[in-house]
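Student: Okay, handing you the structure first.
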Amino acid sequence: MTSVLAAGDHFVAPEVFVDALRNSAGAHDLQFSTLKLPWPIEPFGPVGNVHEASGTEQQLLDALGGVEIVATQMAPFTADVLANSPQLKFVGVCRGGPVNVDLQAATDNGVIVSYAPGRNAAAAAEFAVGLTLAALRRIPGSDAELKAGNWRGDYYAYENAGIELEGSTVGLVGYGAIGKIVARVLKAFGAHVLVSDPFVKVEDAANDGVELVELEALLRRSSVVSLHARLTPETKNLLNADNLKLLPEGAVLINSARGGLLDYEPLPELLKSGRLGALAVDVYDIEPPPRDWPLFDAPNVITTPHLAGATRQTAHRAAEIVAGEVASFLGGERPRFVANPDVLAKFEGLRP
C-alpha cells in the first residue's frame with residue numbers, strides 16, 4: 001500500500017486531490033491522509049528557504065510520517081523538510097512552477113517534483129481580458145461613482161471617453177499558454193497583437209497571427225500592454241522607470257502575471273501626469289499591499305487581490321494534472337512535467 005498525503009488548501013481542497021487521485025490512480029492501493037493549509041485565507045509568502053508557500057515546516061513534517069507521495073499546491077518543501085522525510089519519493093505541485101519546493105534539495109534527497117503547466121491558463125487569460133476592458137472603459141470607477149450618487153456624464157465627453165480594442169495595438173509581454181489565449185481573444189475583438197518573448201520563433205508567431213517584436217518596440221507601439229511573462233531573476237522589474245517612458249501618451253498597463261515583473265515605484269507619477277492612462281493590477285510587489293500603498297490614491301487604477309486564476313475549473317484541472325502525474329509514476333512511467341529531471345537517474349525502471 002502506498003501512503004499519499006493530500007496537502008490541500010482552501011482553493012484546491014484535500015478532498016479534491018483525493019477524488020482526482022482515486023479517479024486517475026484507482027488501480028493502485030493508496031492510503032490517504034490529508035492536510036489543509038491556510039492559503040488563500042492567509043496570503044502565501046516565504047517559508048524557510050522557499051517562496052510562495054503556505055503553512056509551516058513543522059506542520060508539514062508532522063503530516064509526512066511514512067508518506068511516499070504528496071499532492072499539493074502550497075506546502076513548503078524546504079531543504080529541512082526534504083532532508084527529514086526519508087520515505088518521500090514524489091511531490092506533485094499543481095502550479096505552473098513549483099516555487100514552494102527546493103528543487104536542489106529534492107534532487108539531493110531523491111524526490112521527483114512534478115508541476116502542472118497550463119492549469120489556470122484559461123482563467124488567467126479571461127481575467128486579463130476582463131481587466132483590460134474594465135480599464136479601457138472605466139467600468140469599476142463608473143460603478144463606484146454611480147453608487148455614490150454621482151452621474152458621471154462627463155465620462156462621455158470626448159477627452160474622457162475610453163478607447164476600443166478594435167483597431168488598437170495591444171502588446172503582450174510573454175507568450176506562453178496564457179498569452180496565447182489572450183492573443184486569440186484580442187484578435188477576435190479586432191486588435192493588432194504584438195508579442196515580446198525571447199523563446200518564441202518568428203514563424204510560430206506569424207502562424208498565430210501575431211507580430212513578434214523586441215520589448216522596446218512593443219512599448220513604443222502599444223496603446224495597451226499586458227504582462228504574461230514568468231518571474232525569473234532576468235525578468236525582475238522587466239518594466240521599469242526607464243522603459244515605461246517609451247509608452248505612448250495615455251497607454252493602459254495590465255499586470256495579472258507576477259508583481260515582480262513591474263517596478264511599481266514610478267507608476268503613481270506616470271498616472272498623475274497622464275503619461276499612463278490607466279493601470280489594472282491583480283499582483284503586487286508586496287502581497288497584500290500596505291494600506292498606504294501610493295497607487296491606492298493614484299487616478300485610474302483598478303486593483304484586485306490576486307484572483308486571476310481563481311475559478312473552480314482551475315482547482316479541478318490542477319488536481320487532475322497532478323493526479324495524472326502520480327498515476328504515471330505509480331504505473332512505472334516517467335511523469336510528463338518533471339521540474340528536476342536529474343533525479344530520474346535514481347528511478348531507472350521508469351519507462352519514457
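Naming scheme: A, B, ... for chains in displayed order of the C-alpha cells; residues 1 onward per chain; ligands 1 onward as shown.
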Taking the backbone alone, and naming residues the way the document does, which bits of range 9-168 of chain A are alpha helix (DSSP H) by DSSP, as number ranges by chain?

Tutor: A: 14-24, 57-63, 79-83, 103-108, 121-136, 139-147

Student: Could you list, as a PyMOL selection string, every residue within 9 Å of range 172-178 of chain A, counting only C-alpha atoms and ignoring same-chain residues fewer than 4 positions away?

Tutor: chain A and resi 117-118+120-126+182-183+193-200+215+218+224-230

Student: Would you mind listing what lies within 7 Å of Gly260 in chain A as a PyMOL selection string, with only C-alpha atoms counted and same-chain residues fewer than 5 positions away left out?

Tutor: chain A and resi 231+236-237+285

Student: For those residues, write all heavy atoms to a file as a compact mmCIF listing (two decimals), in the first residue's frame.

Tutor:
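Result went into result.txt, see below:
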```
# COMPACT_ATOMS: atom_id res chain seq x y z
N LEU A 231 8.16 35.09 -13.80
CA LEU A 231 9.10 35.87 -12.99
C LEU A 231 10.36 35.05 -12.74
O LEU A 231 10.32 33.98 -12.14
CB LEU A 231 8.45 36.26 -11.67
CG LEU A 231 9.33 37.10 -10.73
CD1 LEU A 231 9.74 38.40 -11.40
CD2 LEU A 231 8.60 37.36 -9.42
N LYS A 236 12.90 40.21 -13.45
CA LYS A 236 12.58 41.09 -12.33
C LYS A 236 12.59 42.54 -12.78
O LYS A 236 13.55 43.00 -13.43
CB LYS A 236 13.62 40.88 -11.22
CG LYS A 236 13.48 41.80 -10.03
CD LYS A 236 12.29 41.45 -9.17
CE LYS A 236 12.26 42.29 -7.91
NZ LYS A 236 11.04 42.04 -7.10
N ASN A 237 11.51 43.28 -12.49
CA ASN A 237 11.36 44.68 -12.93
C ASN A 237 11.61 44.83 -14.43
O ASN A 237 12.27 45.77 -14.88
CB ASN A 237 12.30 45.60 -12.15
CG ASN A 237 11.84 45.81 -10.71
OD1 ASN A 237 10.70 45.49 -10.36
ND2 ASN A 237 12.71 46.34 -9.88
N ASP A 285 4.12 43.89 -5.71
CA ASP A 285 5.47 43.60 -5.24
C ASP A 285 5.45 43.13 -3.79
O ASP A 285 6.30 42.35 -3.37
CB ASP A 285 6.38 44.83 -5.40
CG ASP A 285 5.72 46.12 -4.95
OD1 ASP A 285 4.56 46.09 -4.50
OD2 ASP A 285 6.38 47.17 -5.07
```

Student: So that I can check the surroundings of Leu21 in chain A, please list as number ranges by chain every protein, DNA and RNA residue that reaches within 9 Å of it, counting only C-alpha atoms and ignoring chain neighbours fewer than 5 positions away.

Tutor: A: 16, 26, 30, 71, 319-320, 322-324, 326-327

Student: How about saving the chosen residues, all heavy atoms kept, as a compact mmCIF listing (two decimals), in the first residue's frame?

Tutor:
```txt
# COMPACT_ATOMS: atom_id res chain seq x y z
N VAL A 16 -10.49 17.38 -3.02
CA VAL A 16 -10.39 17.48 -4.48
C VAL A 16 -9.19 16.67 -4.98
O VAL A 16 -9.28 15.95 -5.99
CB VAL A 16 -10.27 18.96 -4.91
CG1 VAL A 16 -9.99 19.07 -6.40
CG2 VAL A 16 -11.54 19.72 -4.55
N GLY A 26 -6.73 4.84 -9.50
CA GLY A 26 -7.60 3.91 -8.77
C GLY A 26 -7.15 2.47 -8.81
O GLY A 26 -7.54 1.66 -7.96
N LEU A 30 -3.93 2.78 -2.53
CA LEU A 30 -3.47 4.02 -1.93
C LEU A 30 -4.10 4.23 -0.55
O LEU A 30 -5.29 3.97 -0.36
CB LEU A 30 -3.83 5.22 -2.82
CG LEU A 30 -3.35 5.17 -4.27
CD1 LEU A 30 -3.81 6.42 -5.01
CD2 LEU A 30 -1.84 5.03 -4.34
N ALA A 71 0.49 15.27 -2.95
CA ALA A 71 -0.14 16.17 -3.91
C ALA A 71 -0.45 17.46 -3.18
O ALA A 71 -1.09 17.45 -2.12
CB ALA A 71 -1.43 15.55 -4.45
N ALA A 319 -5.71 19.68 -9.89
CA ALA A 319 -5.66 18.39 -9.18
C ALA A 319 -5.60 17.22 -10.15
O ALA A 319 -4.88 16.24 -9.91
CB ALA A 319 -6.87 18.25 -8.26
N GLU A 320 -6.31 17.33 -11.26
CA GLU A 320 -6.32 16.24 -12.24
C GLU A 320 -4.96 16.09 -12.92
O GLU A 320 -4.53 14.96 -13.21
CB GLU A 320 -7.41 16.50 -13.28
CG GLU A 320 -8.82 16.30 -12.72
CD GLU A 320 -9.90 16.95 -13.57
OE1 GLU A 320 -9.54 17.49 -14.65
OE2 GLU A 320 -11.06 16.93 -13.15
N VAL A 322 -2.00 16.82 -11.58
CA VAL A 322 -1.12 16.18 -10.60
C VAL A 322 -1.47 14.71 -10.44
O VAL A 322 -0.59 13.84 -10.37
CB VAL A 322 -1.19 16.91 -9.25
CG1 VAL A 322 -0.56 16.08 -8.14
CG2 VAL A 322 -0.49 18.25 -9.35
N ALA A 323 -2.76 14.40 -10.40
CA ALA A 323 -3.18 13.01 -10.25
C ALA A 323 -2.69 12.17 -11.44
O ALA A 323 -2.28 11.01 -11.26
CB ALA A 323 -4.69 12.93 -10.13
N GLY A 324 -2.72 12.75 -12.63
CA GLY A 324 -2.20 12.03 -13.80
C GLY A 324 -0.71 11.77 -13.70
O GLY A 324 -0.22 10.70 -14.09
N VAL A 326 0.94 11.42 -10.84
CA VAL A 326 1.09 10.37 -9.83
C VAL A 326 0.77 9.01 -10.43
O VAL A 326 1.49 8.03 -10.20
CB VAL A 326 0.18 10.66 -8.63
CG1 VAL A 326 0.15 9.46 -7.67
CG2 VAL A 326 0.64 11.91 -7.89
N ALA A 327 -0.29 8.94 -11.23
CA ALA A 327 -0.67 7.67 -11.85
C ALA A 327 0.44 7.16 -12.76
O ALA A 327 0.73 5.96 -12.80
CB ALA A 327 -1.97 7.84 -12.63
```

Student: By how many Å are CA of Ala25 in chain A and CA of Asp9 in chain A apart?

Tutor: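 CA of Asp9 in chain A lies 21.3 Å from CA of Ala25 in chain A.
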
Student: List as a list in words the protein and nucleic acid residues near Glu333 in chain A, meaning an atom at most 12 Å away when only C-alpha atoms are counted, but skip any in the same chain fewer than 3 places from it.

Tutor: Gly324, Glu325, Val326, Ala327, Ser328, Phe329, Leu330, Arg336, Phe337, Val338, Leu344, Phe347, Glu348, Gly349, Leu350, Arg351 and Pro352 of chain A

Student: Within 6 Å of range 72-76 of chain A, counting only C-alpha atoms, which residues show up once you throw out same-chain ones fewer than 4 positions away? Write them as a PyMOL selection string, please.

Tutor: chain A and resi 7-8+53-54+93-94+100

Student: For His10 in chain A, which of A:Asp29, A:Leu37, A:Leu133, A:Lys187 is the closest residue, counting only C-alpha atoms?

Tutor: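 Answer, going by the shortest atom-to-atom distance: A:Leu37.
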
Student: Which parts of range 72-244 of chain A does DSSP call strand (DSSP E) when run on the backbone here, written out as a PyMOL selection string?

Tutor: chain A and resi 72+90-93+112-114+169-173+192-196+211-212+224-227

Student: Which residues are near Gly66 in chain A? Cut-off 10 Å, only C-alpha atoms, ignore same chain within fewer than 3 positions. Put them as a CSV table (one decimal) with N, CA, C and O atoms, in the first residue's frame.

Tutor:
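Final output, saved to selection_12.csv:
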```csv
chain,number,residue,atom,x,y,z
A,2,THR,N,0.5,2.2,-0.9
A,2,THR,CA,1.3,3.5,-1.0
A,2,THR,C,0.6,4.6,-0.1
A,2,THR,O,-0.6,4.8,-0.3
A,3,SER,N,1.4,5.2,0.7
A,3,SER,CA,0.9,6.3,1.5
A,3,SER,C,0.9,7.6,0.8
A,3,SER,O,2.0,8.0,0.4
A,4,VAL,N,-0.2,8.3,0.7
A,4,VAL,CA,-0.3,9.5,-0.1
A,4,VAL,C,-0.9,10.6,0.9
A,4,VAL,O,-1.9,10.4,1.5
A,5,LEU,N,-0.2,11.8,0.9
A,5,LEU,CA,-0.7,12.9,1.6
A,5,LEU,C,-1.3,13.9,0.6
A,5,LEU,O,-0.6,14.4,-0.3
A,63,ALA,N,2.9,15.9,9.2
A,63,ALA,CA,1.9,15.1,8.4
A,63,ALA,C,2.6,14.1,7.4
A,63,ALA,O,2.0,13.3,6.8
A,69,ILE,N,4.1,9.8,-1.3
A,69,ILE,CA,3.7,10.7,-2.4
A,69,ILE,C,2.9,11.8,-1.8
A,69,ILE,O,2.0,11.6,-0.9
A,85,SER,N,12.4,13.7,5.5
A,85,SER,CA,11.3,12.9,5.0
A,85,SER,C,11.9,11.7,4.2
A,85,SER,O,11.7,11.7,3.0
A,86,PRO,N,12.5,10.7,4.9
A,86,PRO,CA,13.3,9.7,4.1
A,86,PRO,C,12.4,8.8,3.2
A,86,PRO,O,13.0,8.2,2.3
A,87,GLN,N,11.1,8.7,3.5
A,87,GLN,CA,10.3,7.8,2.6
A,87,GLN,C,9.7,8.5,1.4
A,87,GLN,O,9.1,7.8,0.6
A,88,LEU,N,9.8,9.8,1.4
A,88,LEU,CA,9.2,10.5,0.3
A,88,LEU,C,9.9,10.3,-1.0
A,88,LEU,O,11.1,10.3,-1.1
```

Student: Taking only C-alpha atoms into account, which of A:Ile302, A:Met1, A:Leu82, A:Glu234 comes nearest Thr132 in chain A?

Tutor: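 Nearest candidate to Thr132 in chain A out of A:Ile302, A:Met1, A:Leu82, A:Glu234: A:Ile302.
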
Student: Restricting the calculation to only C-alpha atoms: of A:Ser142, A:Gln58, A:Asn207, A:Ser114, which residue gets closest to Ala318 in chain A?

Tutor: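 Closest candidate: A:Ser114.
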
Student: Using only C-alpha atoms, tabulate the residues of range 102-157 of chain A lying at most 8 Å from any atom of range 290-300 of chain A, each with its closest atom pair and that distance in Å to one decimal, by chain and increasing residue number, as JSON lines.

Tutor:
```
{"residue": "A:Ala135", "atom": "CA", "partner": "A:Asn300", "partner_atom": "CA", "distance": 7.6}
{"residue": "A:Arg138", "atom": "CA", "partner": "A:Asn300", "partner_atom": "CA", "distance": 7.8}
{"residue": "A:Gly141", "atom": "CA", "partner": "A:Asn300", "partner_atom": "CA", "distance": 7.8}
```
